Amino acid sequence: MLQIKLKRSTIGCKEDQIATVKSLGLRKVGQVVTQPDNPCTRGKIAKVAHLVEVTEA
């Protein structure tokens, strides 16, 4: 499992990046969610790596 924390706001980001952050279950800066460690989740994280912080859970 991966713990994903939204570190930066999505204001000013491209629409597809905003949609990716929402699909990860993140809404507010500082919010932490747990997602399974699979290629789909890893791809989403790679797309918004500059906005999130990832730790192994």
# chains A, B, ... in the order shown; residues from 1 in each chain; ligands from 1
>>> select_by_dssp(residues="chain A", states="alpha helix (DSSP H)", output="PyMOL selection string")
chain A and resi 15-23+39-47
>>> residues_around(residues="Ser23 in chain A", least_positions_apart="4", cutoff="10 Å", atoms="only C-alpha atoms", output="JSON, numbers by chain")
{"A": [17, 18, 19, 27, 41, 44]}
>>> write_last_selection(atoms="C-alpha atoms", output="PDB file, in the first residue's frame")
ATOM      1  CA  GLN A  17      -3.634  16.819 -13.701  1.00  0.00           C
ATOM      2  CA  ILE A  18      -6.552  18.063 -11.589  1.00  0.00           C
ATOM      3  CA  ALA A  19      -8.589  15.037 -12.687  1.00  0.00           C
ATOM      4  CA  ARG A  27      -9.195  17.055  -2.324  1.00  0.00           C
ATOM      5  CA  THR A  41      -1.597   3.998  -9.204  1.00  0.00           C
ATOM      6  CA  LYS A  44      -1.141   8.446 -11.725  1.00  0.00           C
TER       7      LYS A  44
END
>>> atom_distance(atom1="CA of Glu15 in chain A", atom2="CA of Thr55 in chain A")
25.3 Å
>>> residues_around(residues="Lys5 in chain A", least_positions_apart="4", cutoff="8 Å", atoms="only C-alpha atoms", output="number ranges by chain")
A: 26, 29-33, 52-54
>>> write_last_selection(atoms="N, CA and C atoms", output="PDB file, in the first residue's frame")
ATOM      1  N   LEU A  26      -7.755  12.670  -3.583  1.00  0.00           N
ATOM      2  CA  LEU A  26      -7.252  13.831  -2.859  1.00  0.00           C
ATOM      3  C   LEU A  26      -8.083  15.063  -3.182  1.00  0.00           C
ATOM      4  N   VAL A  29      -5.145  20.257   0.314  1.00  0.00           N
ATOM      5  CA  VAL A  29      -3.715  20.219   0.576  1.00  0.00           C
ATOM      6  C   VAL A  29      -3.496  19.666   1.982  1.00  0.00           C
ATOM      7  N   GLY A  30      -2.584  18.718   2.101  1.00  0.00           N
ATOM      8  CA  GLY A  30      -2.298  18.087   3.382  1.00  0.00           C
ATOM      9  C   GLY A  30      -3.055  16.798   3.611  1.00  0.00           C
ATOM     10  N   GLN A  31      -4.038  16.513   2.779  1.00  0.00           N
ATOM     11  CA  GLN A  31      -4.831  15.288   2.927  1.00  0.00           C
ATOM     12  C   GLN A  31      -3.986  14.075   2.534  1.00  0.00           C
ATOM     13  N   VAL A  32      -4.153  12.981   3.279  1.00  0.00           N
ATOM     14  CA  VAL A  32      -3.423  11.746   3.019  1.00  0.00           C
ATOM     15  C   VAL A  32      -4.419  10.640   2.706  1.00  0.00           C
ATOM     16  N   VAL A  33      -4.161   9.887   1.641  1.00  0.00           N
ATOM     17  CA  VAL A  33      -4.983   8.727   1.288  1.00  0.00           C
ATOM     18  C   VAL A  33      -4.079   7.513   1.127  1.00  0.00           C
ATOM     19  N   VAL A  52       2.494  15.774  -5.206  1.00  0.00           N
ATOM     20  CA  VAL A  52       2.247  14.806  -4.139  1.00  0.00           C
ATOM     21  C   VAL A  52       3.539  14.303  -3.514  1.00  0.00           C
ATOM     22  N   GLU A  53       3.379  13.704  -2.338  1.00  0.00           N
ATOM     23  CA  GLU A  53       4.482  13.043  -1.629  1.00  0.00           C
ATOM     24  C   GLU A  53       4.020  11.620  -1.353  1.00  0.00           C
ATOM     25  N   VAL A  54       4.854  10.638  -1.649  1.00  0.00           N
ATOM     26  CA  VAL A  54       4.467   9.232  -1.536  1.00  0.00           C
ATOM     27  C   VAL A  54       5.364   8.526  -0.526  1.00  0.00           C
TER      28      VAL A  54
END
>>> select_by_dssp(residues="range 11-56 of chain A", states="strand (DSSP E)", output="JSON, numbers by chain")
{"A": [32, 33, 34, 35, 52, 53, 54, 55, 56]}
>>> write_last_selection(atoms="C-alpha atoms", output="tab-separated table (two decimals), in the first residue's frame")
chain	number	residue	atom	x	y	z
A	32	VAL	CA	-3.42	11.75	3.02
A	33	VAL	CA	-4.98	8.73	1.29
A	34	THR	CA	-3.94	5.09	1.04
A	35	GLN	CA	-3.95	3.45	-2.38
A	52	VAL	CA	2.25	14.81	-4.14
A	53	GLU	CA	4.48	13.04	-1.63
A	54	VAL	CA	4.47	9.23	-1.54
A	55	THR	CA	5.48	6.89	1.28
A	56	GLU	CA	5.23	3.14	1.66
>>> closest_residue(among="A:Lys28, A:Pro36, A:Val48, A:Lys22", to="Ser9 in chain A", atoms="only C-alpha atoms")
A:Lys28
>>> atom_distance(atom1="CA of Leu6 in chain A", atom2="CA of Asp37 in chain A")
17.0 Å
>>> residues_around(residues="Cys40 in chain A", least_positions_apart="5", cutoff="12 Å", atoms="only C-alpha atoms", output="VMD selection string")
chain A and resid 20 23 to 24 35 45 to 47
>>> residues_around(residues="Ala57 in chain A", least_positions_apart="2", cutoff="7 Å", atoms="only C-alpha atoms", output="number ranges by chain")
A: 1-3, 55
